[in-house]
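Below is run17.txt, holding compact mmCIF, C-alpha atoms and all ligand atoms.
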# COMPACT_ATOMS: atom_id res chain seq x y z
CA MET G 291 13.21 -11.47 23.74
CA ASN G 292 14.08 -8.17 22.08
CA ARG G 293 11.81 -6.36 19.63
CA ARG G 294 13.41 -7.87 16.54
CA GLN G 295 13.07 -11.41 17.93
CA PHE G 296 9.48 -10.66 18.93
CA THR G 297 8.62 -9.34 15.46
CA LYS G 298 10.33 -12.35 13.85
CA SER G 299 8.41 -14.82 16.02
CA ILE G 300 5.14 -13.08 15.14
CA SER G 301 5.93 -13.26 11.44
CA LEU G 302 6.95 -16.93 11.67
CA LEU G 303 3.70 -17.77 13.40
CA THR G 304 1.72 -15.79 10.87
CA SER G 305 3.48 -17.36 7.91
CA ALA G 306 2.84 -20.76 9.43
CA GLY G 307 -0.85 -19.86 9.44
CA MET G 308 -0.90 -19.65 13.23
CA THR G 309 -2.35 -16.94 15.41
CA PRO G 310 0.19 -14.37 16.63
CA LEU G 311 0.64 -14.44 20.39
CA ALA G 312 -0.38 -10.83 20.83
CA PHE G 313 -3.81 -11.71 19.53
CA SER G 314 -4.30 -14.41 22.16
CA LYS G 315 -4.80 -11.81 24.86
CA MET G 316 -8.31 -10.66 25.76
CA LYS G 317 -10.00 -11.58 22.51
CA SER G 318 -13.31 -10.02 21.66
CA LYS G 319 -15.78 -11.81 19.38
CA LYS G 320 -14.56 -9.66 16.50
CA ASP G 321 -10.92 -10.53 17.24
CA LEU G 322 -11.81 -14.21 17.25
CA ALA G 323 -13.44 -13.83 13.84
CA THR G 324 -10.31 -12.06 12.57
CA ASP G 325 -8.09 -14.79 14.00
CA SER G 326 -10.12 -17.56 12.43
CA VAL G 327 -9.65 -15.98 9.00
CA LEU G 328 -5.92 -15.62 9.65
CA GLU G 329 -5.63 -19.24 10.78
CA LYS G 330 -7.11 -20.49 7.54
CA SER G 331 -4.79 -18.68 5.19
CA ARG G 332 -1.88 -16.30 4.69
CA ILE G 333 -1.97 -12.88 3.16
CA LEU G 334 -1.97 -13.13 -0.64
CA THR G 335 1.13 -11.97 -2.49
CA ASN G 336 2.08 -11.02 -6.03
CA LYS G 337 5.48 -11.13 -7.66
CA ILE G 338 7.19 -7.95 -8.84
CA PRO G 339 7.71 -8.83 -12.51
CA SER G 340 11.19 -7.30 -12.84
CA SER G 341 12.77 -8.82 -9.70
CA GLY G 342 10.54 -11.78 -8.86
CA GLN G 343 10.26 -10.55 -5.24
CA SER G 344 6.88 -11.31 -3.64
CA ILE G 345 4.91 -8.57 -1.94
CA PRO G 346 1.56 -8.73 -0.12
CA LEU G 347 -1.47 -7.36 -1.95
CA ILE G 348 -2.13 -4.77 0.76
CA GLY G 349 0.38 -2.11 1.73
CA PHE G 350 0.21 0.98 3.94
CA GLY G 351 -0.30 4.53 2.62
CA THR G 352 0.86 7.47 4.74
CA SER G 353 -0.22 10.71 3.08
CA ARG G 354 -2.41 12.17 5.86
CA ASN G 355 -3.09 9.45 8.43
CA ILE G 356 0.31 9.58 10.19
CA SER G 357 1.38 13.11 9.30
CA LEU G 358 0.99 14.26 12.91
CA ASP G 359 2.95 16.33 15.41
CA LEU G 360 5.80 14.17 16.67
CA THR G 361 4.53 13.95 20.26
CA PRO G 362 5.14 10.78 22.33
CA GLU G 363 1.37 10.00 22.20
CA ASN G 364 1.20 10.30 18.42
CA ILE G 365 4.38 8.24 17.96
CA LYS G 366 2.92 5.55 20.22
CA LYS G 367 -0.33 5.56 18.26
CA CYS G 368 1.41 5.32 14.87
CA THR G 369 3.80 2.64 16.15
CA ALA G 370 0.75 0.55 17.14
CA LEU G 371 -0.71 1.00 13.65
CA ILE G 372 2.49 -0.04 11.90
CA GLU G 373 3.10 -2.90 14.33
CA THR G 374 -0.38 -4.25 13.55
CA PHE G 375 0.32 -3.85 9.83
CA PHE G 376 3.41 -6.07 10.11
CA LYS G 377 1.64 -8.58 12.35
CA LEU G 378 -1.06 -9.05 9.75
CA GLY G 379 1.50 -9.80 7.05
CA GLY G 380 2.06 -6.31 5.60
CA THR G 381 5.42 -5.21 4.24
CA MET G 382 5.11 -2.17 1.91
CA ILE G 383 5.01 1.26 3.54
CA ASP G 384 4.58 4.05 0.98
CA SER G 385 5.52 7.65 1.77
CA SER G 386 6.80 10.87 0.25
CA PRO G 387 8.52 14.10 1.29
CA MET G 388 5.22 15.68 0.29
CA TYR G 389 3.43 14.08 3.27
CA GLY G 390 4.29 16.49 6.09
CA THR G 391 5.83 14.67 9.05
CA SER G 392 5.05 11.16 7.72
CA GLU G 393 8.62 10.16 6.93
CA GLN G 394 9.82 11.39 10.33
CA MET G 395 6.98 9.48 11.97
CA ILE G 396 7.86 6.31 10.04
CA GLY G 397 11.45 6.67 11.26
CA HIS G 398 10.30 6.85 14.90
CA CYS G 399 7.94 3.88 14.46
CA LEU G 400 10.52 1.69 12.72
CA LYS G 401 13.04 2.46 15.43
CA ASN G 402 10.49 1.49 18.09
CA LEU G 403 9.85 -1.77 16.22
CA ASP G 404 13.58 -2.43 15.70
CA TYR G 405 13.27 -2.24 11.90
CA PRO G 406 11.26 -5.39 11.07
CA ASN G 407 12.99 -7.51 8.41
CA GLU G 408 9.74 -7.66 6.47
CA LEU G 409 9.78 -3.93 5.67
CA PHE G 410 9.49 -3.04 1.97
CA SER G 411 10.46 0.63 2.14
CA THR G 412 8.87 2.86 -0.47
CA THR G 413 9.08 6.59 -0.82
CA LYS G 414 9.28 9.25 -3.53
CA VAL G 415 11.41 12.07 -4.84
CA TRP G 416 9.34 15.24 -5.18
CA THR G 417 11.43 18.21 -6.18
CA ARG G 418 13.05 19.81 -9.23
CA GLY G 419 16.72 19.58 -10.18
CA LYS G 420 19.12 16.64 -10.11
CA GLN G 421 21.09 17.69 -7.01
CA ASP G 422 17.97 18.71 -5.06
CA GLY G 423 16.55 15.26 -5.87
CA ILE G 424 19.70 13.56 -4.58
CA ASP G 425 19.64 15.67 -1.40
CA GLN G 426 15.96 14.95 -0.84
CA MET G 427 16.39 11.19 -1.27
CA HIS G 428 19.33 11.19 1.17
CA GLN G 429 17.17 13.13 3.62
CA SER G 430 14.43 10.49 3.28
CA MET G 431 16.93 7.77 4.17
CA ASP G 432 17.95 9.76 7.25
CA LEU G 433 14.33 10.30 8.28
CA TRP G 434 13.46 6.62 7.88
CA GLY G 435 16.75 5.58 9.53
CA ILE G 436 17.75 3.29 6.64
CA ASN G 437 20.52 3.40 4.03
CA ALA G 438 18.69 1.94 0.98
CA PHE G 439 15.11 1.88 -0.31
CA ASP G 440 13.27 -1.11 -1.74
CA LEU G 441 11.46 1.28 -4.07
CA MET G 442 12.06 4.93 -4.95
CA GLN G 443 9.37 6.58 -7.06
CA ILE G 444 9.30 9.86 -8.94
CA HIS G 445 6.32 11.65 -7.43
CA ASN G 446 3.72 12.88 -9.92
CA LEU G 447 6.26 12.82 -12.79
CA VAL G 448 7.96 15.93 -11.31
CA ASP G 449 11.23 16.58 -13.21
CA TRP G 450 11.36 12.86 -13.97
CA LYS G 451 14.30 12.83 -16.41
CA PRO G 452 17.18 13.91 -14.10
CA HIS G 453 15.77 11.86 -11.20
CA LEU G 454 15.51 8.77 -13.38
CA ASP G 455 19.12 9.24 -14.39
CA THR G 456 20.20 9.36 -10.73
CA LEU G 457 18.02 6.38 -9.86
CA ARG G 458 19.43 4.21 -12.63
CA ASN G 459 22.93 4.76 -11.16
CA TRP G 460 21.66 4.19 -7.63
CA GLN G 461 19.98 0.96 -8.71
CA GLU G 462 23.30 -0.33 -10.03
CA GLU G 463 24.97 0.65 -6.76
CA GLY G 464 22.24 -1.06 -4.71
CA ILE G 465 21.01 2.14 -3.04
CA VAL G 466 17.55 1.53 -4.47
CA LYS G 467 16.25 -1.91 -5.38
CA HIS G 468 13.35 -0.87 -7.60
CA ILE G 469 12.47 2.33 -9.49
CA GLY G 470 8.98 3.68 -10.14
CA ILE G 471 6.89 6.69 -11.08
CA THR G 472 3.57 7.88 -9.71
CA THR G 473 0.46 9.80 -10.56
CA SER G 474 -3.00 10.05 -8.98
CA HIS G 475 -6.47 11.48 -9.49
CA GLY G 476 -6.30 10.55 -13.22
CA ARG G 477 -3.65 13.21 -13.89
CA SER G 478 -1.00 13.18 -16.66
CA HIS G 479 -2.09 9.86 -18.10
CA SER G 480 -0.90 10.49 -21.64
CA GLU G 481 2.58 11.60 -20.53
CA LEU G 482 2.76 8.66 -18.14
CA GLU G 483 1.80 6.29 -20.95
CA LYS G 484 4.70 7.55 -23.07
CA ILE G 485 7.14 7.08 -20.17
CA LEU G 486 5.90 3.55 -19.42
CA ALA G 487 6.11 2.62 -23.10
CA THR G 488 9.72 3.80 -23.51
CA GLU G 489 11.55 3.73 -20.14
CA PRO G 490 12.41 0.52 -18.31
CA LEU G 491 10.69 0.85 -14.92
CA ASP G 492 9.93 -1.61 -12.14
CA PHE G 493 6.81 0.09 -10.76
CA VAL G 494 4.05 2.52 -11.59
CA GLN G 495 1.67 3.94 -8.97
CA LEU G 496 -1.75 5.29 -9.98
CA THR G 497 -5.32 5.75 -8.79
CA TYR G 498 -7.67 2.84 -9.42
CA ASN G 499 -10.93 1.87 -7.77
CA VAL G 500 -14.44 0.78 -8.74
CA LYS G 501 -15.35 4.42 -9.51
CA ASP G 502 -12.07 5.70 -11.07
CA ARG G 503 -11.49 3.13 -13.80
CA ALA G 504 -9.89 5.22 -16.59
CA VAL G 505 -6.57 3.35 -16.20
CA GLU G 506 -8.26 0.11 -17.32
CA ASN G 507 -8.22 1.33 -20.92
CA ARG G 508 -4.51 1.87 -21.60
CA LEU G 509 -2.26 2.16 -18.54
CA LEU G 510 -3.04 -1.15 -16.83
CA PRO G 511 -2.77 -3.23 -20.05
CA LEU G 512 0.47 -1.42 -20.89
CA ALA G 513 1.94 -2.11 -17.44
CA LEU G 514 0.98 -5.77 -17.77
CA ASP G 515 2.52 -5.96 -21.22
CA ARG G 516 5.76 -4.21 -20.14
CA GLY G 517 6.15 -6.23 -16.91
CA ILE G 518 5.74 -3.15 -14.68
CA ALA G 519 4.35 -3.73 -11.19
CA VAL G 520 1.30 -1.59 -10.34
CA ILE G 521 0.60 0.03 -6.97
CA VAL G 522 -2.93 1.35 -6.53
CA ASN G 523 -3.25 4.60 -4.59
CA ARG G 524 -6.50 6.16 -3.38
CA PRO G 525 -8.31 2.81 -3.43
CA PHE G 526 -11.17 4.40 -1.42
CA ASN G 527 -11.19 7.95 -2.81
CA GLY G 528 -14.43 8.99 -1.13
CA LEU G 529 -16.28 5.76 -1.99
CA PHE G 530 -17.63 5.31 1.53
CA GLY G 531 -19.98 8.23 0.96
CA PHE G 532 -21.82 6.15 -1.64
CA SER G 533 -22.06 2.92 0.34
CA LYS G 534 -22.82 4.36 3.81
CA GLY G 535 -25.78 2.50 5.29
CA GLN G 536 -26.05 0.19 2.25
CA GLN G 537 -26.05 -3.58 2.58
CA LEU G 538 -23.22 -5.51 0.97
CA PRO G 539 -24.42 -7.67 -1.94
CA GLU G 540 -24.76 -11.35 -1.05
CA TYR G 541 -22.12 -12.49 -3.57
CA ALA G 542 -19.60 -10.11 -1.91
CA GLN G 543 -20.34 -11.60 1.50
CA GLU G 544 -19.83 -15.07 0.00
CA LEU G 545 -16.48 -13.82 -1.29
CA GLY G 546 -15.54 -13.05 2.32
CA CYS G 547 -16.21 -9.30 2.36
CA LYS G 548 -17.38 -8.14 5.77
CA SER G 549 -17.34 -4.45 4.94
CA TRP G 550 -17.45 -2.07 1.99
CA ALA G 551 -13.76 -1.37 2.59
CA GLN G 552 -13.03 -5.00 1.77
CA PHE G 553 -15.35 -4.86 -1.23
CA TYR G 554 -13.47 -1.83 -2.61
CA LEU G 555 -10.02 -3.26 -1.89
CA LYS G 556 -10.77 -6.70 -3.31
CA PHE G 557 -12.01 -5.01 -6.46
CA ALA G 558 -8.80 -2.96 -6.83
CA ILE G 559 -6.32 -5.76 -6.11
CA SER G 560 -8.05 -8.34 -8.31
CA HIS G 561 -7.28 -6.59 -11.60
CA PRO G 562 -4.70 -8.84 -13.32
CA ALA G 563 -2.26 -5.93 -13.79
CA VAL G 564 -2.38 -4.78 -10.15
CA THR G 565 0.40 -5.86 -7.80
CA CYS G 566 -0.87 -4.24 -4.58
CA ALA G 567 -2.96 -1.40 -3.11
CA ILE G 568 -1.88 1.03 -0.40
CA PRO G 569 -4.94 2.13 1.59
CA ALA G 570 -4.26 4.71 4.31
CA THR G 571 -5.89 4.69 7.71
CA SER G 572 -5.37 6.27 11.10
CA LYS G 573 -7.31 3.54 12.94
CA VAL G 574 -6.15 0.06 13.97
CA LYS G 575 -9.71 -1.24 13.48
CA HIS G 576 -9.77 -0.04 9.86
CA LEU G 577 -6.26 -1.31 9.27
CA LYS G 578 -7.28 -4.82 10.35
CA ALA G 579 -10.31 -4.72 8.05
CA ASN G 580 -8.16 -3.51 5.16
CA MET G 581 -5.49 -6.16 5.66
CA LEU G 582 -8.11 -8.90 5.64
CA ALA G 583 -9.06 -7.89 2.10
CA GLY G 584 -5.71 -9.40 1.15
CA TYR G 585 -6.68 -12.77 2.60
CA GLY G 586 -8.93 -15.47 1.17
CA GLU G 587 -10.60 -15.30 -2.21
CA LEU G 588 -10.42 -12.60 -4.84
CA PRO G 589 -13.23 -11.89 -7.31
CA ASP G 590 -12.91 -13.42 -10.77
CA HIS G 591 -13.69 -11.53 -13.98
CA LYS G 592 -17.43 -12.27 -13.76
CA THR G 593 -17.67 -11.17 -10.13
CA ARG G 594 -15.69 -7.99 -10.87
CA LYS G 595 -18.33 -7.11 -13.45
CA LEU G 596 -21.02 -7.67 -10.82
CA MET G 597 -19.11 -5.40 -8.43
CA ILE G 598 -19.10 -2.59 -11.00
CA GLU G 599 -22.86 -3.02 -11.48
CA SER G 600 -23.49 -3.03 -7.71
CA PHE G 601 -21.48 0.17 -7.34
CA LYS G 602 -23.39 1.86 -10.17
CA GLU G 603 -26.59 1.16 -8.24
CA LEU G 604 -25.18 3.13 -5.28
CA ILE G 605 -24.50 6.34 -7.17
N1 LIG D 1 0.57 10.85 -6.47
C1 LIG D 1 0.82 9.93 -5.58
O1 LIG D 1 1.87 9.34 -5.59
C2 LIG D 1 -0.22 9.62 -4.54
C3 LIG D 1 -1.42 10.34 -4.49
C4 LIG D 1 -2.37 10.00 -3.54
C5 LIG D 1 -2.11 8.97 -2.64
N2 LIG D 1 -0.92 8.30 -2.68
C6 LIG D 1 -0.63 7.19 -1.72
O2 LIG D 1 -1.79 6.35 -1.62
C7 LIG D 1 -2.20 6.25 -0.25
C8 LIG D 1 -3.70 6.07 -0.17
O3 LIG D 1 -4.40 7.16 -0.71
P1 LIG D 1 -5.24 8.19 0.19
O4 LIG D 1 -4.63 8.24 1.55
O5 LIG D 1 -5.33 9.44 -0.57
O6 LIG D 1 -6.70 7.60 0.22
P2 LIG D 1 -7.43 6.21 0.56
O7 LIG D 1 -6.48 5.21 1.13
O8 LIG D 1 -8.17 5.84 -0.67
O9 LIG D 1 -8.48 6.65 1.65
C9 LIG D 1 -8.12 7.05 2.93
C10 LIG D 1 -9.40 7.35 3.71
O10 LIG D 1 -10.15 6.14 3.87
C11 LIG D 1 -10.50 5.98 5.23
N3 LIG D 1 -10.46 4.53 5.54
C12 LIG D 1 -9.39 3.71 5.43
N4 LIG D 1 -9.74 2.45 5.75
C13 LIG D 1 -11.04 2.48 6.08
C14 LIG D 1 -11.96 1.48 6.50
N5 LIG D 1 -11.62 0.19 6.63
N6 LIG D 1 -13.25 1.87 6.76
C15 LIG D 1 -13.62 3.16 6.62
N7 LIG D 1 -12.80 4.16 6.23
C16 LIG D 1 -11.51 3.81 5.95
C17 LIG D 1 -9.47 6.74 6.01
O11 LIG D 1 -10.02 7.22 7.21
P3 LIG D 1 -9.56 6.62 8.66
O12 LIG D 1 -8.24 7.24 8.96
O13 LIG D 1 -10.66 7.09 9.56
O14 LIG D 1 -9.49 5.13 8.54
C18 LIG D 1 -9.17 7.91 5.07
O15 LIG D 1 -10.09 8.94 5.26
C19 LIG D 1 -1.68 7.57 0.34
O16 LIG D 1 -1.67 7.54 1.74
C20 LIG D 1 -0.32 7.66 -0.31
O17 LIG D 1 0.60 6.81 0.32
C21 LIG D 1 0.02 8.59 -3.64

As structure tokens, what does this structure read like?
Ligand SMILES: NC(=O)c1ccc[n+]([C@@H]2O[C@H](COP(=O)([O-])OP(=O)(O)OC[C@H]3O[C@@H](n4cnc5c(N)ncnc54)[C@H](OP(=O)(O)O)[C@@H]3O)[C@@H](O)[C@H]2O)c1
Amino acid sequence: MNRRQFTKSISLLTSAGMTPLAFSKMKSKKDLATDSVLEKSRILTNKIPSSGQSIPLIGFGTSRNISLDLTPENIKKCTALIETFFKLGGTMIDSSPMYGTSEQMIGHCLKNLDYPNELFSTTKVWTRGKQDGIDQMHQSMDLWGINAFDLMQIHNLVDWKPHLDTLRNWQEEGIVKHIGITTSHGRSHSELEKILATEPLDFVQLTYNVKDRAVENRLLPLALDRGIAVIVNRPFNGLFGFSKGQQLPEYAQELGCKSWAQFYLKFAISHPAVTCAIPATSKVKHLKANMLAGYGELPDHKTRKLMIESFKELI
């Protein structure tokens, strides 16, 4: 069995609600608990409004976690992370030329994994000038080892007009499937609002979590109204500092949260406008916990309000 066949068999087992073979080996109590959750359900998905394609509610961010020297040890470590991500039903990997060696690292990992079919490749253009943008996007394809992206985003609105022009042509040619634009840290919201209201876009990426909720007022309702898929970045944004050593509320445990990470992620992905979140981690243990937030139940409106109140008590 080659790597592609192995990855396919894992995904078939997972989609059938069965435990992947790799998890049958040497199970700890914690692994067994993880498996039992996986056996009961599949990772939740949302549809991209513009294309109808389904994507899992949890993706994989890469801004610092895998931007490492490209040594064989680091490549092995990152390959294990990304392999686990796919095994647990993940598809969207989000990167950017801004993230140091991340795109190179992704290329090495994908090659090691024989380019899993499930991959939803997502990166950004982050430079000024039309031709520089074209060159940078071609370079990203080379670094990833692919010849088309599922989603190309304009990073932080940088020189968005010429890049959007290029991307519209590329979308027609099939070089990019979806087009998006990103911001973070609550920056440039009014300019972003104007762009979302006037330009046809498939995706917007922004910061949203139980503490940073400014986008609830205008951007999320606008995205919902315009049929624009929403990717949540920075879903943790330092939140662990508030909840360290604190007990999870009982209602959150009943919802299936076993950690504050799952509490924070379930809050972010349960907003009706949100399509998925892209937490970043350098640890397989954290990755497993994060992926499980995309399984089982999500909080309803009433529970989301309780979550906001519980968080306010922490700060
Ligand atoms: N403008 C933009 O387009 C923009 C801006 C910012 C971010 N992004 C994207 O969004 C992604 C996520 O944002 P981010 O990386 O800034 O922040 P984040 O995902 O909110 O937080 C990452 C931090 O959380 C920790 N963590 C992750 N899972 C954990 C768990 N289960 N338990 C405890 N700690 C955990 C990680 O440490 P460990 O490594 O120890 O797990 C890391 O320190 C980025 O990687 C990037 O892809 C885009």

Expected selection as a ChimeraX atom specification for ligand LIG 1 (chain D) within 8 Å, all atoms listed in the file | /G:350-355,383-386,414,445-446,471-475,495-497,522-528,530,549-552,567-573,575-580

request  = Tell me which of G:Gly390, G:Gly464, G:Gly531, G:Pro589 sits closest to Ile605 in chain G, counting all atoms listed in the file.
outcome  =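 That would be G:Gly531, the residue with the smallest distance to Ile605 in chain G.
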
- Task: Excluding Pro562 in chain G and residues on its chain fewer than 6 positions from it, collect all residues at most 9 Å away from it, counting only C-alpha atoms, and give them as a list in words.
- Result: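 In the requested form, the answer reads Leu510, Pro511 and Leu514 of chain G.
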
- Message: To one decimal place in Å, what is the distance between CA of His591 in chain G and CA of Thr565 in chain G?
- Response: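 CA of Thr565 in chain G lies 16.4 Å from CA of His591 in chain G.
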
Checklist line | Gap from CA of Met382 in chain G to CA of Ile424 in chain G - Å, one decimal | finding: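 About the pair CA of Met382 in chain G and CA of Ile424 in chain G: they are 22.4 Å apart.
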
Would you kindly identify which residues have an atom no farther than 10 Å from (4.5, 4.6, 15.0), using only C-alpha atoms and the file's own coordinates, and write them out as a PDB file with C-alpha atoms, keeping the file's coordinate frame?
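To be explicit, this is the file written out as out-v5.pdb:
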ATOM      1  CA  ILE G 356       0.310   9.580  10.190  1.00  0.00           C
ATOM      2  CA  LEU G 360       5.800  14.170  16.670  1.00  0.00           C
ATOM      3  CA  PRO G 362       5.140  10.780  22.330  1.00  0.00           C
ATOM      4  CA  GLU G 363       1.370  10.000  22.200  1.00  0.00           C
ATOM      5  CA  ASN G 364       1.200  10.300  18.420  1.00  0.00           C
ATOM      6  CA  ILE G 365       4.380   8.240  17.960  1.00  0.00           C
ATOM      7  CA  LYS G 366       2.920   5.550  20.220  1.00  0.00           C
ATOM      8  CA  LYS G 367      -0.330   5.560  18.260  1.00  0.00           C
ATOM      9  CA  CYS G 368       1.410   5.320  14.870  1.00  0.00           C
ATOM     10  CA  THR G 369       3.800   2.640  16.150  1.00  0.00           C
ATOM     11  CA  ALA G 370       0.750   0.550  17.140  1.00  0.00           C
ATOM     12  CA  LEU G 371      -0.710   1.000  13.650  1.00  0.00           C
ATOM     13  CA  ILE G 372       2.490  -0.040  11.900  1.00  0.00           C
ATOM     14  CA  GLU G 373       3.100  -2.900  14.330  1.00  0.00           C
ATOM     15  CA  SER G 392       5.050  11.160   7.720  1.00  0.00           C
ATOM     16  CA  GLN G 394       9.820  11.390  10.330  1.00  0.00           C
ATOM     17  CA  MET G 395       6.980   9.480  11.970  1.00  0.00           C
ATOM     18  CA  ILE G 396       7.860   6.310  10.040  1.00  0.00           C
ATOM     19  CA  GLY G 397      11.450   6.670  11.260  1.00  0.00           C
ATOM     20  CA  HIS G 398      10.300   6.850  14.900  1.00  0.00           C
ATOM     21  CA  CYS G 399       7.940   3.880  14.460  1.00  0.00           C
ATOM     22  CA  LEU G 400      10.520   1.690  12.720  1.00  0.00           C
ATOM     23  CA  LYS G 401      13.040   2.460  15.430  1.00  0.00           C
ATOM     24  CA  ASN G 402      10.490   1.490  18.090  1.00  0.00           C
ATOM     25  CA  LEU G 403       9.850  -1.770  16.220  1.00  0.00           C
TER      26      LEU G 403
END

Check your understanding: What gap, in Å, lies between CA of Leu486 in chain G and CA of Asp502 in chain G?
Key ->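 We find that CA of Leu486 in chain G and CA of Asp502 in chain G lie 19.9 Å from each other.
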
One residue among G:Asp422, G:Glu489, G:Asp432, G:Glu463 is nearest to Asp449 in chain G when using all atoms listed in the file, and that residue is G:Asp422

Practice item. Pick out the closest residue to Leu588 in chain G from this set: G:Trp450, G:Ala542, G:Ser600, G:Val574. Count all atoms listed in the file. Key: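 The answer is G:Ala542, which sits nearest to Leu588 in chain G.
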
Neighbourhood query: residues within 10 Å of (-3.0, -5.2, -1.6), file coordinates, counting all atoms listed in the file; return as a PDB file with C-alpha atoms, keeping the file's coordinate frame.
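Now in selection_31.pdb:
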ATOM      1  CA  ILE G 333      -1.970 -12.880   3.160  1.00  0.00           C
ATOM      2  CA  LEU G 334      -1.970 -13.130  -0.640  1.00  0.00           C
ATOM      3  CA  THR G 335       1.130 -11.970  -2.490  1.00  0.00           C
ATOM      4  CA  ASN G 336       2.080 -11.020  -6.030  1.00  0.00           C
ATOM      5  CA  ILE G 345       4.910  -8.570  -1.940  1.00  0.00           C
ATOM      6  CA  PRO G 346       1.560  -8.730  -0.120  1.00  0.00           C
ATOM      7  CA  LEU G 347      -1.470  -7.360  -1.950  1.00  0.00           C
ATOM      8  CA  ILE G 348      -2.130  -4.770   0.760  1.00  0.00           C
ATOM      9  CA  GLY G 349       0.380  -2.110   1.730  1.00  0.00           C
ATOM     10  CA  PHE G 350       0.210   0.980   3.940  1.00  0.00           C
ATOM     11  CA  GLY G 380       2.060  -6.310   5.600  1.00  0.00           C
ATOM     12  CA  MET G 382       5.110  -2.170   1.910  1.00  0.00           C
ATOM     13  CA  ILE G 521       0.600   0.030  -6.970  1.00  0.00           C
ATOM     14  CA  VAL G 522      -2.930   1.350  -6.530  1.00  0.00           C
ATOM     15  CA  PRO G 525      -8.310   2.810  -3.430  1.00  0.00           C
ATOM     16  CA  LEU G 555     -10.020  -3.260  -1.890  1.00  0.00           C
ATOM     17  CA  LYS G 556     -10.770  -6.700  -3.310  1.00  0.00           C
ATOM     18  CA  ALA G 558      -8.800  -2.960  -6.830  1.00  0.00           C
ATOM     19  CA  ILE G 559      -6.320  -5.760  -6.110  1.00  0.00           C
ATOM     20  CA  SER G 560      -8.050  -8.340  -8.310  1.00  0.00           C
ATOM     21  CA  VAL G 564      -2.380  -4.780 -10.150  1.00  0.00           C
ATOM     22  CA  THR G 565       0.400  -5.860  -7.800  1.00  0.00           C
ATOM     23  CA  CYS G 566      -0.870  -4.240  -4.580  1.00  0.00           C
ATOM     24  CA  ALA G 567      -2.960  -1.400  -3.110  1.00  0.00           C
ATOM     25  CA  ILE G 568      -1.880   1.030  -0.400  1.00  0.00           C
ATOM     26  CA  PRO G 569      -4.940   2.130   1.590  1.00  0.00           C
ATOM     27  CA  ASN G 580      -8.160  -3.510   5.160  1.00  0.00           C
ATOM     28  CA  MET G 581      -5.490  -6.160   5.660  1.00  0.00           C
ATOM     29  CA  LEU G 582      -8.110  -8.900   5.640  1.00  0.00           C
ATOM     30  CA  ALA G 583      -9.060  -7.890   2.100  1.00  0.00           C
ATOM     31  CA  GLY G 584      -5.710  -9.400   1.150  1.00  0.00           C
ATOM     32  CA  TYR G 585      -6.680 -12.770   2.600  1.00  0.00           C
TER      33      TYR G 585
END
